[in-house]
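> So that we are looking at the same thing, I have put the structure below in structure tokens.
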Amino acid sequence: MAQRRGRRPRAVRPHNLALQHLHIQHRFPTFAWRYHHGMAVWHGTLQPRLSSPAYHVEIHYRLTNVPKVCVVAPPLAPQTPHLYSDGALCLYWPVEWQWRSDTLIAETIIPWTAAWLYYYELWLDTGTWLGPSSHDGQR
């Protein structure tokens, strides 16, 4: 009788763009999307506080790559912290958390963008980044 071997871990199956869009539409119905050269681009508005302006954001995502989020309008202040050199928002530190293609953008990236905007506004008010910041001084 052959011995049964332990189960192999299932390979990560990426969520396709249509499934990502379905979840985004469900949780953020005002977000629209377009598909352009193998990349999905979602755009919509987030308003972290009642006194906040509505921020127009775009999320660029090519299947299995890391989503990239940018604030389109209003323009961010000079010297804004927690931005990459291309202007994309730094939503998490890759040393602590890695994007996986089976992760839903609607459950991670968009809520984190709203939180980032909230802390951005506190930074405008106080001059200090009050949000999570594991990598300060380690750039």
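Chain lettering (A, B, ...) mirrors the order of the structure tokens, residue numbering begins at 1 for each chain separately, and ligand numbering begins at 1 in order of display.
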Find the residues around Thr108 (chain A) up to 10 Å (only C-alpha atoms counted), leave out those fewer than 5 positions away in its own chain, and share them as a list in words.
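Neighbouring residues, sequence-local ones excluded: Leu91, Trp99, Thr103 and Thr113 of chain A.
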> Fewer than 3 positions away in the same chain doesn't count, so skip those; otherwise give me all residues within 12 Å of Ile24 (chain A), counting only C-alpha atoms, as a PDB file with N, CA and C atoms, in the first residue's frame.

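The resulting out-v9.pdb:
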ATOM      1  N   LEU A  17      -8.626  40.613 -12.875  1.00  0.00           N
ATOM      2  CA  LEU A  17      -9.015  42.016 -12.808  1.00  0.00           C
ATOM      3  C   LEU A  17     -10.521  42.188 -12.677  1.00  0.00           C
ATOM      4  N   ALA A  18     -11.278  41.312 -13.311  1.00  0.00           N
ATOM      5  CA  ALA A  18     -12.739  41.413 -13.210  1.00  0.00           C
ATOM      6  C   ALA A  18     -13.201  41.164 -11.775  1.00  0.00           C
ATOM      7  N   LEU A  19     -12.593  40.213 -11.088  1.00  0.00           N
ATOM      8  CA  LEU A  19     -12.958  39.949  -9.693  1.00  0.00           C
ATOM      9  C   LEU A  19     -12.540  41.125  -8.800  1.00  0.00           C
ATOM     10  N   GLN A  20     -11.359  41.665  -9.056  1.00  0.00           N
ATOM     11  CA  GLN A  20     -10.936  42.848  -8.303  1.00  0.00           C
ATOM     12  C   GLN A  20     -11.970  43.963  -8.502  1.00  0.00           C
ATOM     13  N   HIS A  21     -12.382  44.181  -9.746  1.00  0.00           N
ATOM     14  CA  HIS A  21     -13.342  45.252 -10.036  1.00  0.00           C
ATOM     15  C   HIS A  21     -14.686  44.994  -9.351  1.00  0.00           C
ATOM     16  N   ARG A  27     -17.817  47.623  -2.692  1.00  0.00           N
ATOM     17  CA  ARG A  27     -17.472  48.419  -1.503  1.00  0.00           C
ATOM     18  C   ARG A  27     -17.339  49.911  -1.782  1.00  0.00           C
ATOM     19  N   PHE A  28     -17.005  50.254  -3.022  1.00  0.00           N
ATOM     20  CA  PHE A  28     -16.782  51.659  -3.404  1.00  0.00           C
ATOM     21  C   PHE A  28     -17.480  51.920  -4.737  1.00  0.00           C
ATOM     22  N   PRO A  29     -18.804  51.999  -4.725  1.00  0.00           N
ATOM     23  CA  PRO A  29     -19.566  52.065  -5.980  1.00  0.00           C
ATOM     24  C   PRO A  29     -19.298  53.299  -6.836  1.00  0.00           C
ATOM     25  N   THR A  30     -18.696  54.336  -6.263  1.00  0.00           N
ATOM     26  CA  THR A  30     -18.412  55.520  -7.072  1.00  0.00           C
ATOM     27  C   THR A  30     -17.104  55.387  -7.863  1.00  0.00           C
ATOM     28  N   PHE A  31     -16.335  54.347  -7.613  1.00  0.00           N
ATOM     29  CA  PHE A  31     -15.097  54.139  -8.361  1.00  0.00           C
ATOM     30  C   PHE A  31     -15.426  53.562  -9.735  1.00  0.00           C
ATOM     31  N   ALA A  32     -14.803  54.106 -10.740  1.00  0.00           N
ATOM     32  CA  ALA A  32     -14.955  53.612 -12.110  1.00  0.00           C
ATOM     33  C   ALA A  32     -13.610  53.025 -12.539  1.00  0.00           C
ATOM     34  N   TRP A  33     -13.627  52.288 -13.629  1.00  0.00           N
ATOM     35  CA  TRP A  33     -12.377  51.709 -14.096  1.00  0.00           C
ATOM     36  C   TRP A  33     -12.306  51.700 -15.603  1.00  0.00           C
ATOM     37  N   ALA A  40      -5.395  47.631 -15.317  1.00  0.00           N
ATOM     38  CA  ALA A  40      -6.650  48.220 -14.853  1.00  0.00           C
ATOM     39  C   ALA A  40      -6.308  49.519 -14.145  1.00  0.00           C
ATOM     40  N   VAL A  41      -7.122  50.531 -14.404  1.00  0.00           N
ATOM     41  CA  VAL A  41      -6.968  51.813 -13.728  1.00  0.00           C
ATOM     42  C   VAL A  41      -8.322  52.172 -13.137  1.00  0.00           C
ATOM     43  N   TRP A  42      -8.377  52.206 -11.804  1.00  0.00           N
ATOM     44  CA  TRP A  42      -9.593  52.627 -11.108  1.00  0.00           C
ATOM     45  C   TRP A  42      -9.412  54.072 -10.695  1.00  0.00           C
ATOM     46  N   HIS A  43     -10.472  54.846 -10.772  1.00  0.00           N
ATOM     47  CA  HIS A  43     -10.410  56.216 -10.275  1.00  0.00           C
ATOM     48  C   HIS A  43     -11.688  56.523  -9.532  1.00  0.00           C
ATOM     49  N   GLY A  44     -11.530  57.279  -8.473  1.00  0.00           N
ATOM     50  CA  GLY A  44     -12.666  57.640  -7.648  1.00  0.00           C
ATOM     51  C   GLY A  44     -12.246  58.674  -6.630  1.00  0.00           C
ATOM     52  N   ILE A  59      -5.800  54.210  -9.020  1.00  0.00           N
ATOM     53  CA  ILE A  59      -5.096  52.976  -8.668  1.00  0.00           C
ATOM     54  C   ILE A  59      -4.755  52.282  -9.969  1.00  0.00           C
ATOM     55  N   LEU A 104      -7.316  41.308  -2.102  1.00  0.00           N
ATOM     56  CA  LEU A 104      -8.304  42.186  -2.728  1.00  0.00           C
ATOM     57  C   LEU A 104      -7.943  43.653  -2.491  1.00  0.00           C
ATOM     58  N   ILE A 105      -7.901  44.394  -3.560  1.00  0.00           N
ATOM     59  CA  ILE A 105      -7.619  45.830  -3.500  1.00  0.00           C
ATOM     60  C   ILE A 105      -8.683  46.540  -2.661  1.00  0.00           C
ATOM     61  N   ALA A 106      -9.928  46.109  -2.781  1.00  0.00           N
ATOM     62  CA  ALA A 106     -11.036  46.748  -2.061  1.00  0.00           C
ATOM     63  C   ALA A 106     -10.932  46.565  -0.553  1.00  0.00           C
ATOM     64  N   GLU A 107     -10.218  45.547  -0.096  1.00  0.00           N
ATOM     65  CA  GLU A 107     -10.096  45.293   1.340  1.00  0.00           C
ATOM     66  C   GLU A 107      -8.789  45.796   1.931  1.00  0.00           C
ATOM     67  N   THR A 108      -7.859  46.191   1.079  1.00  0.00           N
ATOM     68  CA  THR A 108      -6.556  46.635   1.574  1.00  0.00           C
ATOM     69  C   THR A 108      -6.208  48.012   1.024  1.00  0.00           C
ATOM     70  N   ILE A 109      -5.912  48.081  -0.228  1.00  0.00           N
ATOM     71  CA  ILE A 109      -5.338  49.281  -0.839  1.00  0.00           C
ATOM     72  C   ILE A 109      -6.252  50.502  -0.719  1.00  0.00           C
ATOM     73  N   ILE A 110      -7.541  50.358  -1.008  1.00  0.00           N
ATOM     74  CA  ILE A 110      -8.424  51.533  -0.940  1.00  0.00           C
ATOM     75  C   ILE A 110      -8.648  51.990   0.502  1.00  0.00           C
ATOM     76  N   PRO A 111      -8.963  51.107   1.452  1.00  0.00           N
ATOM     77  CA  PRO A 111      -9.067  51.584   2.842  1.00  0.00           C
ATOM     78  C   PRO A 111      -7.754  52.183   3.360  1.00  0.00           C
TER      79      PRO A 111
END
> For the strand (DSSP E or B) assignment from backbone DSSP, which residues of region 3-110 of chain A qualify? Please present them as JSON, numbers by chain.
{"A": [32, 33, 34, 35, 36, 39, 40, 41, 42, 43, 44, 45, 46, 55, 56, 57, 58, 59, 60, 61, 62, 68, 69, 70, 71, 72, 73, 83, 89]}
> Using only C-alpha atoms, find each residue in region 3-103 of chain A having at least one atom no more than 9 Å away from region 119-133 of chain A; report its shortest atom-to-atom pair and that distance in Å (one decimal), rows by chain then rising number, as CSV.

residue,atom,partner,partner_atom,distance
A:Pro48,CA,A:Glu121,CA,8.4
A:Arg49,CA,A:Glu121,CA,8.9
A:Ser52,CA,A:Glu121,CA,7.9
A:Leu76,CA,A:Tyr120,CA,9.0
A:Ala77,CA,A:Leu124,CA,8.2
A:Thr80,CA,A:Tyr120,CA,7.8
A:Pro81,CA,A:Trp129,CA,7.5
A:His82,CA,A:Ser133,CA,8.5
A:Tyr92,CA,A:Ser133,CA,8.5
A:Trp93,CA,A:Ser133,CA,8.3
> For the selection you just gave me, I'd like the residues written to a file as an mmCIF file, in the first residue's frame, keeping N, CA and C atoms.

data_model
loop_
_atom_site.group_PDB
_atom_site.id
_atom_site.type_symbol
_atom_site.label_atom_id
_atom_site.label_comp_id
_atom_site.auth_asym_id
_atom_site.auth_seq_id
_atom_site.Cartn_x
_atom_site.Cartn_y
_atom_site.Cartn_z
ATOM 1 N N PRO A 48 -11.529 61.787 3.638
ATOM 2 C CA PRO A 48 -11.244 61.206 4.958
ATOM 3 C C PRO A 48 -11.980 61.856 6.117
ATOM 4 N N ARG A 49 -12.313 63.139 6.014
ATOM 5 C CA ARG A 49 -13.053 63.834 7.074
ATOM 6 C C ARG A 49 -14.122 64.692 6.412
ATOM 7 N N SER A 52 -12.760 67.690 4.918
ATOM 8 C CA SER A 52 -11.735 67.447 3.898
ATOM 9 C C SER A 52 -12.265 67.738 2.507
ATOM 10 N N LEU A 76 -0.971 67.467 -3.821
ATOM 11 C CA LEU A 76 -0.427 67.310 -2.470
ATOM 12 C C LEU A 76 0.590 68.415 -2.192
ATOM 13 N N ALA A 77 0.737 68.729 -0.930
ATOM 14 C CA ALA A 77 1.662 69.781 -0.511
ATOM 15 C C ALA A 77 3.106 69.383 -0.811
ATOM 16 N N THR A 80 5.545 66.414 1.074
ATOM 17 C CA THR A 80 4.645 65.445 1.706
ATOM 18 C C THR A 80 5.417 64.172 2.044
ATOM 19 N N PRO A 81 5.306 63.693 3.280
ATOM 20 C CA PRO A 81 5.995 62.440 3.638
ATOM 21 C C PRO A 81 5.244 61.225 3.094
ATOM 22 N N HIS A 82 5.925 60.125 3.124
ATOM 23 C CA HIS A 82 5.355 58.823 2.763
ATOM 24 C C HIS A 82 4.853 58.769 1.323
ATOM 25 N N TYR A 92 2.264 51.052 2.846
ATOM 26 C CA TYR A 92 2.782 50.037 3.769
ATOM 27 C C TYR A 92 4.266 49.884 3.483
ATOM 28 N N TRP A 93 4.959 49.308 4.436
ATOM 29 C CA TRP A 93 6.389 49.082 4.269
ATOM 30 C C TRP A 93 6.581 47.642 3.807
#
> Mind pulling up the distance from CA of Gln25 (chain A) to CA of His60 (chain A)?
15.6 Å
> Show me, as a PyMOL selection string, the residues that have an atom within 7 Å of Val71 (chain A) when counting only C-alpha atoms, minus same-chain residues fewer than 2 positions from it.
chain A and resi 55-58+69+73
> Write a file of the selected residues as a PDB file, in the first residue's frame, keeping C-alpha atoms.

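Final output, out_33.pdb:
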ATOM      1  CA  TYR A  55      -9.453  63.605  -3.123  1.00  0.00           C
ATOM      2  CA  HIS A  56      -9.455  62.151  -6.621  1.00  0.00           C
ATOM      3  CA  VAL A  57      -7.259  59.037  -6.573  1.00  0.00           C
ATOM      4  CA  GLU A  58      -6.150  56.568  -9.210  1.00  0.00           C
ATOM      5  CA  VAL A  69      -1.962  54.690  -5.919  1.00  0.00           C
ATOM      6  CA  ALA A  73      -6.367  66.237  -7.293  1.00  0.00           C
TER       7      ALA A  73
END
> For Thr64 (chain A), work out the shell of residues within 10 Å, counting only C-alpha atoms and skipping chain neighbours fewer than 4 positions away, then give it as a compact mmCIF listing (two decimals) with N, CA and C atoms, in the first residue's frame.

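The resulting file, selection.txt, is shown below:
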# COMPACT_ATOMS: atom_id res chain seq x y z
N ARG A 13 -3.37 31.67 -6.37
CA ARG A 13 -4.09 31.95 -7.61
C ARG A 13 -4.48 33.41 -7.58
N PRO A 14 -3.91 34.20 -8.48
CA PRO A 14 -4.21 35.63 -8.45
C PRO A 14 -5.68 35.89 -8.76
N HIS A 15 -6.22 36.91 -8.10
CA HIS A 15 -7.57 37.36 -8.44
C HIS A 15 -7.48 38.08 -9.77
N ASN A 16 -8.33 37.71 -10.72
CA ASN A 16 -8.27 38.40 -12.00
C ASN A 16 -8.82 39.81 -11.86
N LEU A 17 -8.63 40.61 -12.88
CA LEU A 17 -9.01 42.02 -12.81
C LEU A 17 -10.52 42.19 -12.68
N TRP A 99 2.64 42.58 -0.93
CA TRP A 99 1.46 42.43 -1.76
C TRP A 99 1.45 41.02 -2.34
N ARG A 100 0.28 40.39 -2.31
CA ARG A 100 0.08 39.09 -2.94
C ARG A 100 -1.06 39.23 -3.94
N SER A 101 -0.96 38.56 -5.04
CA SER A 101 -1.94 38.70 -6.10
C SER A 101 -3.30 38.09 -5.75
N ASP A 102 -3.38 37.41 -4.61
CA ASP A 102 -4.68 36.89 -4.18
C ASP A 102 -5.30 37.80 -3.11
N THR A 103 -4.77 39.01 -2.98
CA THR A 103 -5.28 40.00 -2.05
C THR A 103 -6.26 40.91 -2.78
> Calculated over only C-alpha atoms, which of the candidates A:Cys70, A:Leu22, A:Met39, A:Ala115 has the smallest distance to Leu83 (chain A)?
A:Cys70
> Kindly give the distance, in Å, that separates CA of Pro53 (chain A) and CA of Pro74 (chain A), rounded to a single decimal.
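Spanning CA of Pro53 (chain A) to CA of Pro74 (chain A) is a straight-line distance of 7.9 Å.
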> If you run DSSP on the backbone, which residues of region 14-85 of chain A are alpha helix (DSSP H), as a PyMOL selection string?
chain A and resi 17-27
